[in-house]
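Trainee: Following this message is one structure expressed as structure tokens.
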Amino acid sequence: MRLEDKLYLDGYKIDEIGGSHLVIKDMSVCLNCELQQCLYICPSGVYDFDAERGEIEVNYDACLECGTCRIACQYSNIDWRYPRGGFGVSYKFG
Amino acid sequence: MSNLKYDVIVVGAGPAGLAAATVLAKAGVKVVVVERGQFAGSKNVMGGVFYSDCMKGIIDDFPGKAPVERHIIDQRVWLLDKDSFVGFNHKNELFNKKPYNCHTVFRAKFDSWFAKQAADAGALIITRTLAKEAIIENNKIVGIKTGRPDGDIKADCVIIADGVNSLLAKSLGFRKEIKRESVALAVKEVIGLDEKIINERFNVKSGEGVTIEVTGNFFNGEAMAFIYTNKKSISLGVGMVVEDLVKNKINPNDLMESFKAHPSVVPLIDGGETKEYLAHLIPEGGYKDMPKLVGNGVMIAGDAAMMVDAIHREGSNLAVTSGKLAAETYLEAAKTGDFSEKSLSLYEKKKLKESFVIKDLKKYKGVPSLLQHNKRLLQQYPKLINNAAYEILNVNGISKNDKEKLLWKNMKSQIGVSNLIKDLFKLWRNVG
């Protein structure tokens, strides 16, 4: 089963106004990062390398709020917060 | 919400926070629970086993009408290898007698019900509201700032129960960033299946449930996994310590798919339909990684305090118990109106210390680092045991004596006699 199809099953309220609750502090750190753990460690594939723009893209609307990226990033380069109250993932089962 | 003053603010509507709130509300304390999710439970995830005993003194006649799935009568353990497992299980009619030892639950439903019990007892539950930071006056925590306009709430005491990531505990300096070795990421799928099919596949009647805990060497690393039965679905999860995920460059969803494709797992979930995909961190560092638990006007409970006994898959019962003990500590302190760190230290120094929470965490304090630093235990031994089982059971004309010699030779070459003795000793010291 593809990850996209799994994520489609999860309830989610996107914060269009507040924007991303995950912010990369300094993109140049990522571009020089030899391991780029965020690209493989996120269970919902939030982080993606955008070759055209030459940057790591943050698809915050897929975030399951687990916190793994923050802990895995060797340069502590992710400003990880919770989404605003009422936004983000909302599980039916849990 | 400005100028709101309560006796106690509880941050987080999980088992720790809701246990605290229920106990406090029943004692007539003015308590508010601040929860960031759309409803209590909407952000909350666990494998699914909830032990009943911890609810004594909080909810009468638990489970009563609580939304539980199946009570567990059969507990299985699998030591997994690539195409096989060696397992043992314990099924007991005593587990079919009320009060049931434990049930599988869905936390979104369960915590929502628990919040209703707290509210019925008189607690105010405010959802969709993020507790952003503590309000500190004269070196004492006197409330929290929420994400709402004019959203300051004040109280004599704050109970922090905001879960494993506990940004509040971190911002207060009660703990540093969680170490990669101290936390496991678990991903889980809820897989819908017909109730009758589950009963047949797991050899139980309706209402009765099975848990399978899995450990061993698969996907190039040591993963833990579980398969739990619900009424009309199976909760299937797989987890790995974050340090190991990083080192082995493993994508958690790939890990999940590889487990689902294991020949021993396939027939159990065949024909099922995935209903939800979840991810959550499990604080496995145990006793050694617990934060500071008490400050002026504040106590920390549950996952936020790293209270998980990973080898017994216990967490929510430690959360409930710690929440209850924090509430009891508040009630004691309220007699004198002294909510200083010294007064509230009763929570840590006496209440928790005398409960199973700290006793168990302390007993197994060496286990997380033992497993982290001794890769033989969860990788090589399961493989060796699987090989041994196969060799013994596979009849191929070789005498049993020769087979035993071969197995011993394998053990010596792969692990070594001195390592075997050392490992057994360490296991006995840390787990026995």
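Residue numbers start at 1 in each chain; chains themselves are named A, B, ... in the order of the structure tokens; ligands are numbered from 1 in the order shown.
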Could you find all residues in stretch 33-163 of chain B that DSSP calls helix (DSSP H, G or I) from the backbone, and write them as a PyMOL selection string?
Mentor: chain B and resi 53-55+93-96+107-121
Trainee: Residues as selected, N, CA, C and O atoms, written as a compact mmCIF listing (two decimals), in the first residue's frame, can you do that?
Mentor:
# COMPACT_ATOMS: atom_id res chain seq x y z
N ASP B 53 -6.33 -2.28 36.27
CA ASP B 53 -6.10 -2.07 37.70
C ASP B 53 -5.87 -0.61 38.08
O ASP B 53 -6.31 -0.16 39.14
N CYS B 54 -5.19 0.13 37.19
CA CYS B 54 -4.84 1.51 37.52
C CYS B 54 -6.06 2.42 37.68
O CYS B 54 -5.96 3.50 38.25
N MET B 55 -7.22 1.96 37.20
CA MET B 55 -8.41 2.82 37.28
C MET B 55 -9.10 2.77 38.64
O MET B 55 -10.03 3.53 38.89
N GLU B 93 -7.77 -19.24 31.25
CA GLU B 93 -9.18 -18.95 31.53
C GLU B 93 -9.33 -17.92 32.65
O GLU B 93 -10.35 -17.25 32.75
N LEU B 94 -8.29 -17.80 33.49
CA LEU B 94 -8.34 -16.78 34.54
C LEU B 94 -8.47 -15.37 33.95
O LEU B 94 -9.04 -14.48 34.56
N PHE B 95 -7.93 -15.22 32.74
CA PHE B 95 -8.04 -13.91 32.08
C PHE B 95 -9.45 -13.69 31.52
O PHE B 95 -9.76 -12.63 30.99
N ASN B 96 -10.28 -14.74 31.60
CA ASN B 96 -11.67 -14.61 31.15
C ASN B 96 -12.60 -14.26 32.32
O ASN B 96 -13.81 -14.20 32.15
N ARG B 107 -7.38 4.79 21.38
CA ARG B 107 -7.22 5.95 22.25
C ARG B 107 -8.11 7.14 21.87
O ARG B 107 -8.54 7.89 22.76
N ALA B 108 -8.40 7.31 20.60
CA ALA B 108 -9.27 8.44 20.23
C ALA B 108 -10.63 8.27 20.90
O ALA B 108 -11.23 9.22 21.38
N LYS B 109 -11.10 7.04 20.94
CA LYS B 109 -12.40 6.78 21.54
C LYS B 109 -12.30 6.71 23.07
O LYS B 109 -13.14 7.25 23.79
N PHE B 110 -11.26 6.04 23.54
CA PHE B 110 -11.10 5.83 24.97
C PHE B 110 -10.86 7.15 25.72
O PHE B 110 -11.52 7.44 26.73
N ASP B 111 -9.95 7.96 25.21
CA ASP B 111 -9.63 9.22 25.90
C ASP B 111 -10.82 10.19 25.85
O ASP B 111 -11.03 10.97 26.77
N SER B 112 -11.57 10.09 24.77
CA SER B 112 -12.77 10.92 24.64
C SER B 112 -13.78 10.54 25.74
O SER B 112 -14.37 11.40 26.40
N TRP B 113 -13.93 9.23 25.95
CA TRP B 113 -14.80 8.75 27.02
C TRP B 113 -14.28 9.17 28.40
O TRP B 113 -15.03 9.63 29.26
N PHE B 114 -12.95 9.04 28.57
CA PHE B 114 -12.33 9.38 29.85
C PHE B 114 -12.55 10.88 30.16
O PHE B 114 -12.86 11.28 31.29
N ALA B 115 -12.43 11.70 29.12
CA ALA B 115 -12.63 13.14 29.28
C ALA B 115 -14.07 13.43 29.71
O ALA B 115 -14.33 14.33 30.52
N LYS B 116 -14.99 12.65 29.19
CA LYS B 116 -16.41 12.82 29.56
C LYS B 116 -16.60 12.49 31.05
O LYS B 116 -17.36 13.17 31.75
N GLN B 117 -15.89 11.46 31.53
CA GLN B 117 -15.98 11.12 32.95
C GLN B 117 -15.43 12.25 33.81
O GLN B 117 -16.00 12.59 34.85
N ALA B 118 -14.30 12.83 33.36
CA ALA B 118 -13.71 13.95 34.10
C ALA B 118 -14.67 15.14 34.11
O ALA B 118 -14.87 15.79 35.13
N ALA B 119 -15.28 15.39 32.94
CA ALA B 119 -16.22 16.52 32.82
C ALA B 119 -17.45 16.28 33.70
O ALA B 119 -17.92 17.20 34.38
N ASP B 120 -17.96 15.04 33.69
CA ASP B 120 -19.12 14.73 34.54
C ASP B 120 -18.81 14.92 36.02
O ASP B 120 -19.69 15.23 36.82
N ALA B 121 -17.54 14.71 36.38
CA ALA B 121 -17.14 14.90 37.78
C ALA B 121 -16.96 16.38 38.12
O ALA B 121 -16.78 16.73 39.28
Trainee: Which chain A residues have any atom within 9 Å of an atom of chain B, and for each, what is the nearest pair of atoms with distance in Å to one decimal, counting only C-alpha atoms, rows sorted by chain and number, as JSON lines?
Mentor:
{"residue": "A:Met1", "atom": "CA", "partner": "B:Glu257", "partner_atom": "CA", "distance": 7.7}
{"residue": "A:Leu3", "atom": "CA", "partner": "B:Asn253", "partner_atom": "CA", "distance": 7.1}
{"residue": "A:Lys6", "atom": "CA", "partner": "B:Tyr277", "partner_atom": "CA", "distance": 5.8}
{"residue": "A:Leu7", "atom": "CA", "partner": "B:Tyr277", "partner_atom": "CA", "distance": 6.6}
{"residue": "A:Tyr8", "atom": "CA", "partner": "B:Glu276", "partner_atom": "CA", "distance": 8.8}
{"residue": "A:Leu9", "atom": "CA", "partner": "B:Glu276", "partner_atom": "CA", "distance": 5.5}
{"residue": "A:Asp10", "atom": "CA", "partner": "B:Glu276", "partner_atom": "CA", "distance": 5.8}
{"residue": "A:Gly11", "atom": "CA", "partner": "B:Glu276", "partner_atom": "CA", "distance": 8.9}
{"residue": "A:Gln37", "atom": "CA", "partner": "B:Val246", "partner_atom": "CA", "distance": 6.5}
{"residue": "A:Leu39", "atom": "CA", "partner": "B:Asn251", "partner_atom": "CA", "distance": 8.8}
{"residue": "A:Tyr40", "atom": "CA", "partner": "B:Asn251", "partner_atom": "CA", "distance": 5.0}
{"residue": "A:Ile41", "atom": "CA", "partner": "B:Asn251", "partner_atom": "CA", "distance": 5.1}
{"residue": "A:Cys42", "atom": "CA", "partner": "B:Asn251", "partner_atom": "CA", "distance": 6.9}
{"residue": "A:Pro43", "atom": "CA", "partner": "B:Pro252", "partner_atom": "CA", "distance": 5.2}
{"residue": "A:Ser44", "atom": "CA", "partner": "B:Asn253", "partner_atom": "CA", "distance": 7.7}
{"residue": "A:Gly45", "atom": "CA", "partner": "B:Asn251", "partner_atom": "CA", "distance": 8.9}
{"residue": "A:Leu64", "atom": "CA", "partner": "B:Ala279", "partner_atom": "CA", "distance": 6.2}
{"residue": "A:Glu65", "atom": "CA", "partner": "B:His280", "partner_atom": "CA", "distance": 7.7}
{"residue": "A:Cys66", "atom": "CA", "partner": "B:His280", "partner_atom": "CA", "distance": 4.7}
{"residue": "A:Gly67", "atom": "CA", "partner": "B:Asn165", "partner_atom": "CA", "distance": 6.7}
{"residue": "A:Thr68", "atom": "CA", "partner": "B:Leu185", "partner_atom": "CA", "distance": 6.9}
{"residue": "A:Ile71", "atom": "CA", "partner": "B:Arg180", "partner_atom": "CA", "distance": 6.2}
{"residue": "A:Ala72", "atom": "CA", "partner": "B:Arg180", "partner_atom": "CA", "distance": 6.7}
{"residue": "A:Arg81", "atom": "CA", "partner": "B:Leu167", "partner_atom": "CA", "distance": 8.0}
{"residue": "A:Tyr82", "atom": "CA", "partner": "B:Leu130", "partner_atom": "CA", "distance": 8.0}
{"residue": "A:Pro83", "atom": "CA", "partner": "B:Leu130", "partner_atom": "CA", "distance": 8.3}
{"residue": "A:Arg84", "atom": "CA", "partner": "B:Leu130", "partner_atom": "CA", "distance": 6.3}
{"residue": "A:Gly85", "atom": "CA", "partner": "B:Arg128", "partner_atom": "CA", "distance": 4.2}
{"residue": "A:Gly86", "atom": "CA", "partner": "B:Arg128", "partner_atom": "CA", "distance": 3.8}
{"residue": "A:Phe87", "atom": "CA", "partner": "B:Gly37", "partner_atom": "CA", "distance": 7.1}
{"residue": "A:Gly88", "atom": "CA", "partner": "B:Gly37", "partner_atom": "CA", "distance": 8.1}
{"residue": "A:Val89", "atom": "CA", "partner": "B:Lys43", "partner_atom": "CA", "distance": 6.7}
{"residue": "A:Ser90", "atom": "CA", "partner": "B:Ser42", "partner_atom": "CA", "distance": 4.8}
{"residue": "A:Tyr91", "atom": "CA", "partner": "B:Ser42", "partner_atom": "CA", "distance": 4.9}
{"residue": "A:Lys92", "atom": "CA", "partner": "B:Ala108", "partner_atom": "CA", "distance": 5.9}
{"residue": "A:Phe93", "atom": "CA", "partner": "B:Ala108", "partner_atom": "CA", "distance": 5.1}
{"residue": "A:Gly94", "atom": "CA", "partner": "B:Val45", "partner_atom": "CA", "distance": 4.6}
Trainee: Just asking: which residues within chain A are strand (DSSP E) according to DSSP, as number ranges by chain?
Mentor: A: 11-13, 22-24, 47-50, 55-58, 78-80, 88-90
Trainee: Please measure the separation of atom CA of B:Val32 and atom CA of B:Val10, giving the value in Å to one decimal.
Mentor: 6.1 Å
Trainee: Give me, as a PyMOL selection string, all polymer residues having an atom no more than 8 Å from B:Ser52, counting only C-alpha atoms and skipping those fewer than 6 positions away in the same chain.
Mentor: chain B and resi 62-63+99-103+317
Trainee: Write out, as a PDB file, in the first residue's frame, the residues just selected, with N, CA, C and O atoms.
Mentor:
ATOM      1  N   PHE B  62     -14.791   0.104  36.586  1.00  0.00           N
ATOM      2  CA  PHE B  62     -14.188   0.092  35.257  1.00  0.00           C
ATOM      3  C   PHE B  62     -14.151  -1.341  34.727  1.00  0.00           C
ATOM      4  O   PHE B  62     -13.894  -2.247  35.505  1.00  0.00           O
ATOM      5  N   PRO B  63     -14.406  -1.636  33.468  1.00  0.00           N
ATOM      6  CA  PRO B  63     -14.606  -0.683  32.376  1.00  0.00           C
ATOM      7  C   PRO B  63     -16.033  -0.139  32.247  1.00  0.00           C
ATOM      8  O   PRO B  63     -16.202   0.873  31.543  1.00  0.00           O
ATOM      9  N   PRO B  99     -12.761  -8.881  37.336  1.00  0.00           N
ATOM     10  CA  PRO B  99     -12.481  -7.811  36.370  1.00  0.00           C
ATOM     11  C   PRO B  99     -11.332  -8.211  35.432  1.00  0.00           C
ATOM     12  O   PRO B  99     -10.338  -8.768  35.885  1.00  0.00           O
ATOM     13  N   TYR B 100     -11.501  -7.906  34.162  1.00  0.00           N
ATOM     14  CA  TYR B 100     -10.492  -8.306  33.182  1.00  0.00           C
ATOM     15  C   TYR B 100      -9.183  -7.566  33.414  1.00  0.00           C
ATOM     16  O   TYR B 100      -9.176  -6.372  33.742  1.00  0.00           O
ATOM     17  N   ASN B 101      -8.083  -8.281  33.219  1.00  0.00           N
ATOM     18  CA  ASN B 101      -6.747  -7.728  33.416  1.00  0.00           C
ATOM     19  C   ASN B 101      -6.458  -6.544  32.487  1.00  0.00           C
ATOM     20  O   ASN B 101      -5.979  -5.500  32.907  1.00  0.00           O
ATOM     21  N   CYS B 102      -6.761  -6.745  31.211  1.00  0.00           N
ATOM     22  CA  CYS B 102      -6.504  -5.668  30.247  1.00  0.00           C
ATOM     23  C   CYS B 102      -7.372  -5.832  29.009  1.00  0.00           C
ATOM     24  O   CYS B 102      -7.877  -6.923  28.733  1.00  0.00           O
ATOM     25  N   HIS B 103      -7.524  -4.733  28.304  1.00  0.00           N
ATOM     26  CA  HIS B 103      -8.307  -4.716  27.060  1.00  0.00           C
ATOM     27  C   HIS B 103      -7.495  -4.016  25.981  1.00  0.00           C
ATOM     28  O   HIS B 103      -6.659  -3.160  26.286  1.00  0.00           O
ATOM     29  N   ASN B 317      -0.868   2.718  31.937  1.00  0.00           N
ATOM     30  CA  ASN B 317      -1.183   2.494  33.359  1.00  0.00           C
ATOM     31  C   ASN B 317      -0.229   3.275  34.273  1.00  0.00           C
ATOM     32  O   ASN B 317      -0.626   3.740  35.338  1.00  0.00           O
TER      33      ASN B 317
END
Trainee: Please, which residues in stretch 13-38 of chain A fall within 10 Å of stretch 47-52 of chain A when counting only C-alpha atoms, and what is the closest atom pair and distance in Å to one decimal for each, ordered by chain then residue number, as CSV?
Mentor:
residue,atom,partner,partner_atom,distance
A:Leu31,CA,A:Phe49,CA,9.7
A:Gln36,CA,A:Tyr47,CA,9.7
A:Gln37,CA,A:Tyr47,CA,9.5
A:Cys38,CA,A:Tyr47,CA,6.1
Trainee: Rounded to one decimal, what separation in Å do you get between atom CA of A:Leu35 and atom CA of A:Ile78?
Mentor: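 Atom CA of A:Ile78 lies at a distance of 14.6 Å from atom CA of A:Leu35.
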Trainee: So that I can check the surroundings of A:Asp26, please list as a count of residues only every protein, DNA and RNA residue that reaches within 12 Å of it, counting only C-alpha atoms and ignoring chain neighbours fewer than 6 positions away.
Mentor: 9
Trainee: One decimal, in Å: what's the spacing between atom CA of B:Phe202 and atom CA of B:Asp74?
Mentor: 9.1 Å
Trainee: Which of these residues is nearest to B:Val49, using only C-alpha atoms: B:Gly366, B:Gly286, B:Gly315, B:Gly337?
Mentor: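 With only C-alpha atoms as the atom set, the closest residue is B:Gly315.
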Trainee: Can you pull out the residues contacting B:Gly17? Cut-off 8 Å, using only C-alpha atoms, and skip same-chain residues under 3 positions away; I want them as number ranges by chain.
Mentor: B: 10-14, 20-21, 33, 159-162, 301, 320, 323
Trainee: Please, could you write that set of residues out with N, CA and C atoms as a short mmCIF file (atom, residue, chain, number, x, y, z; two decimals), in the first residue's frame?
Mentor:
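Final output, saved to result_26.cif:
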data_model
loop_
_atom_site.label_atom_id
_atom_site.label_comp_id
_atom_site.auth_asym_id
_atom_site.auth_seq_id
_atom_site.Cartn_x
_atom_site.Cartn_y
_atom_site.Cartn_z
N VAL B 10 -4.49 21.30 34.06
CA VAL B 10 -3.86 20.09 33.56
C VAL B 10 -3.60 20.31 32.07
N VAL B 11 -2.36 20.11 31.64
CA VAL B 11 -2.05 20.27 30.22
C VAL B 11 -2.03 18.90 29.57
N GLY B 12 -2.98 18.66 28.68
CA GLY B 12 -3.02 17.41 27.93
C GLY B 12 -4.10 16.46 28.41
N ALA B 13 -5.01 16.12 27.49
CA ALA B 13 -6.11 15.20 27.82
C ALA B 13 -5.76 13.79 27.37
N GLY B 14 -4.72 13.22 28.00
CA GLY B 14 -4.40 11.81 27.81
C GLY B 14 -4.69 11.11 29.13
N ALA B 20 -5.67 12.67 36.57
CA ALA B 20 -5.48 13.76 37.53
C ALA B 20 -6.75 14.60 37.63
N ALA B 21 -7.30 14.96 36.47
CA ALA B 21 -8.47 15.85 36.46
C ALA B 21 -9.68 15.18 37.12
N VAL B 33 -8.74 21.27 32.03
CA VAL B 33 -7.82 20.50 31.20
C VAL B 33 -7.70 21.21 29.85
N ILE B 159 -0.35 20.76 36.24
CA ILE B 159 0.11 19.38 36.04
C ILE B 159 0.39 19.21 34.55
N ILE B 160 1.65 18.97 34.23
CA ILE B 160 2.05 18.83 32.83
C ILE B 160 1.92 17.37 32.42
N ALA B 161 1.04 17.12 31.46
CA ALA B 161 0.81 15.75 30.97
C ALA B 161 0.62 15.84 29.47
N ASP B 162 1.55 16.53 28.82
CA ASP B 162 1.38 16.81 27.39
C ASP B 162 2.11 15.82 26.50
N ALA B 301 3.66 14.33 34.67
CA ALA B 301 3.18 12.95 34.74
C ALA B 301 3.14 12.29 33.35
N VAL B 320 -1.71 6.85 34.06
CA VAL B 320 -2.90 7.02 34.90
C VAL B 320 -2.48 7.12 36.37
N GLY B 323 -0.69 10.36 37.16
CA GLY B 323 -1.66 11.47 37.16
C GLY B 323 -2.46 11.48 38.46
#
Trainee: With distances taken over only C-alpha atoms, which of B:Tyr6, B:Phe88, B:Phe226, B:Trp78 is nearest to B:Val29?
Mentor: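 Closest candidate: B:Tyr6.
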Trainee: Within 12 Å of B:Trp408, counting only C-alpha atoms, which residues show up once you throw out same-chain ones fewer than 5 positions away? Write them as a ChimeraX atom specification, please.
Mentor: /B:384-385,387-388,391,401-403,413-417,420
Trainee: Using all heavy atoms, can you write the selected residues to a file as a CSV table (one decimal), in the first residue's frame?
Mentor:
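To be explicit, this is the file written out as selection-v5.csv:
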chain,number,residue,atom,x,y,z
B,384,LEU,N,19.5,-17.4,15.8
B,384,LEU,CA,20.1,-18.7,16.2
B,384,LEU,C,19.0,-19.6,16.7
B,384,LEU,O,19.0,-20.8,16.4
B,384,LEU,CB,21.1,-18.4,17.4
B,384,LEU,CG,22.3,-19.3,17.5
B,384,LEU,CD1,23.2,-19.1,16.4
B,384,LEU,CD2,23.0,-18.9,18.8
B,385,ILE,N,18.1,-19.1,17.5
B,385,ILE,CA,17.0,-19.9,18.0
B,385,ILE,C,16.1,-20.4,16.9
B,385,ILE,O,15.7,-21.6,16.9
B,385,ILE,CB,16.2,-19.1,19.1
B,385,ILE,CG1,17.1,-18.8,20.3
B,385,ILE,CG2,14.9,-19.8,19.5
B,385,ILE,CD1,16.5,-17.8,21.3
B,387,ASN,N,17.1,-20.9,13.8
B,387,ASN,CA,17.9,-22.0,13.1
B,387,ASN,C,17.9,-23.3,13.9
B,387,ASN,O,17.7,-24.3,13.3
B,387,ASN,CB,19.3,-21.5,13.0
B,387,ASN,CG,19.5,-20.5,11.9
B,387,ASN,OD1,18.6,-20.3,11.0
B,387,ASN,ND2,20.6,-19.8,11.9
B,388,ALA,N,18.0,-23.2,15.2
B,388,ALA,CA,18.0,-24.4,16.0
B,388,ALA,C,16.7,-25.1,15.9
B,388,ALA,O,16.7,-26.3,15.8
B,388,ALA,CB,18.3,-24.0,17.5
B,391,GLU,N,16.5,-26.9,12.6
B,391,GLU,CA,17.3,-28.0,12.5
B,391,GLU,C,16.8,-29.2,13.3
B,391,GLU,O,16.8,-30.4,12.8
B,391,GLU,CB,18.8,-27.7,13.0
B,391,GLU,CG,19.6,-26.9,12.1
B,391,GLU,CD,19.8,-27.5,10.7
B,391,GLU,OE1,19.8,-28.8,10.6
B,391,GLU,OE2,19.9,-26.8,9.7
B,401,ASN,N,22.5,-36.3,17.6
B,401,ASN,CA,23.8,-36.0,18.2
B,401,ASN,C,24.6,-35.0,17.2
B,401,ASN,O,25.2,-34.0,17.7
B,401,ASN,CB,24.7,-37.2,18.4
B,401,ASN,CG,24.5,-37.7,19.8
B,401,ASN,OD1,24.0,-37.0,20.7
B,401,ASN,ND2,24.7,-39.0,20.0
B,402,ASP,N,24.6,-35.4,16.0
B,402,ASP,CA,25.3,-34.6,15.0
B,402,ASP,C,24.7,-33.2,14.9
B,402,ASP,O,25.4,-32.2,14.7
B,402,ASP,CB,25.4,-35.2,13.6
B,402,ASP,CG,26.4,-36.4,13.6
B,402,ASP,OD1,27.2,-36.5,14.6
B,402,ASP,OD2,26.4,-37.2,12.7
B,403,LYS,N,23.4,-33.2,14.9
B,403,LYS,CA,22.7,-31.9,14.9
B,403,LYS,C,23.0,-31.0,16.1
B,403,LYS,O,23.2,-29.8,15.9
B,403,LYS,CB,21.1,-32.1,14.9
B,403,LYS,CG,20.7,-32.6,13.5
B,403,LYS,CD,19.2,-32.4,13.4
B,403,LYS,CE,18.8,-32.8,11.9
B,403,LYS,NZ,17.5,-32.3,11.5
B,413,SER,N,30.6,-20.1,16.9
B,413,SER,CA,31.2,-19.2,15.8
B,413,SER,C,30.4,-17.9,15.7
B,413,SER,O,31.0,-16.8,15.5
B,413,SER,CB,31.2,-19.9,14.5
B,413,SER,OG,29.9,-20.1,14.0
B,414,GLN,N,29.1,-17.9,16.0
B,414,GLN,CA,28.4,-16.6,15.8
B,414,GLN,C,28.4,-15.8,17.0
B,414,GLN,O,28.3,-14.5,17.0
B,414,GLN,CB,26.9,-16.9,15.4
B,414,GLN,CG,26.8,-17.4,14.0
B,414,GLN,CD,25.4,-17.9,13.6
B,414,GLN,OE1,24.4,-17.4,14.1
B,414,GLN,NE2,25.3,-18.9,12.8
B,415,ILE,N,28.4,-16.4,18.2
B,415,ILE,CA,28.3,-15.6,19.4
B,415,ILE,C,29.5,-15.8,20.3
B,415,ILE,O,30.1,-14.9,20.8
B,415,ILE,CB,27.0,-15.9,20.2
B,415,ILE,CG1,25.8,-15.3,19.4
B,415,ILE,CG2,27.0,-15.3,21.6
B,415,ILE,CD1,24.5,-15.7,19.9
B,416,GLY,N,29.9,-17.1,20.5
B,416,GLY,CA,31.0,-17.4,21.4
B,416,GLY,C,30.6,-17.7,22.8
B,416,GLY,O,29.6,-17.1,23.3
B,417,VAL,N,31.3,-18.7,23.4
B,417,VAL,CA,30.8,-19.1,24.7
B,417,VAL,C,30.9,-18.0,25.8
B,417,VAL,O,30.0,-17.8,26.6
B,417,VAL,CB,31.7,-20.4,25.2
B,417,VAL,CG1,31.2,-20.8,26.6
B,417,VAL,CG2,31.5,-21.5,24.2
B,420,LEU,N,28.1,-15.7,25.4
B,420,LEU,CA,26.9,-16.3,25.8
B,420,LEU,C,26.7,-16.2,27.3
B,420,LEU,O,25.7,-15.8,27.9
B,420,LEU,CB,26.8,-17.7,25.4
B,420,LEU,CG,25.6,-18.5,25.9
B,420,LEU,CD1,24.3,-18.0,25.2
B,420,LEU,CD2,25.8,-20.0,25.7
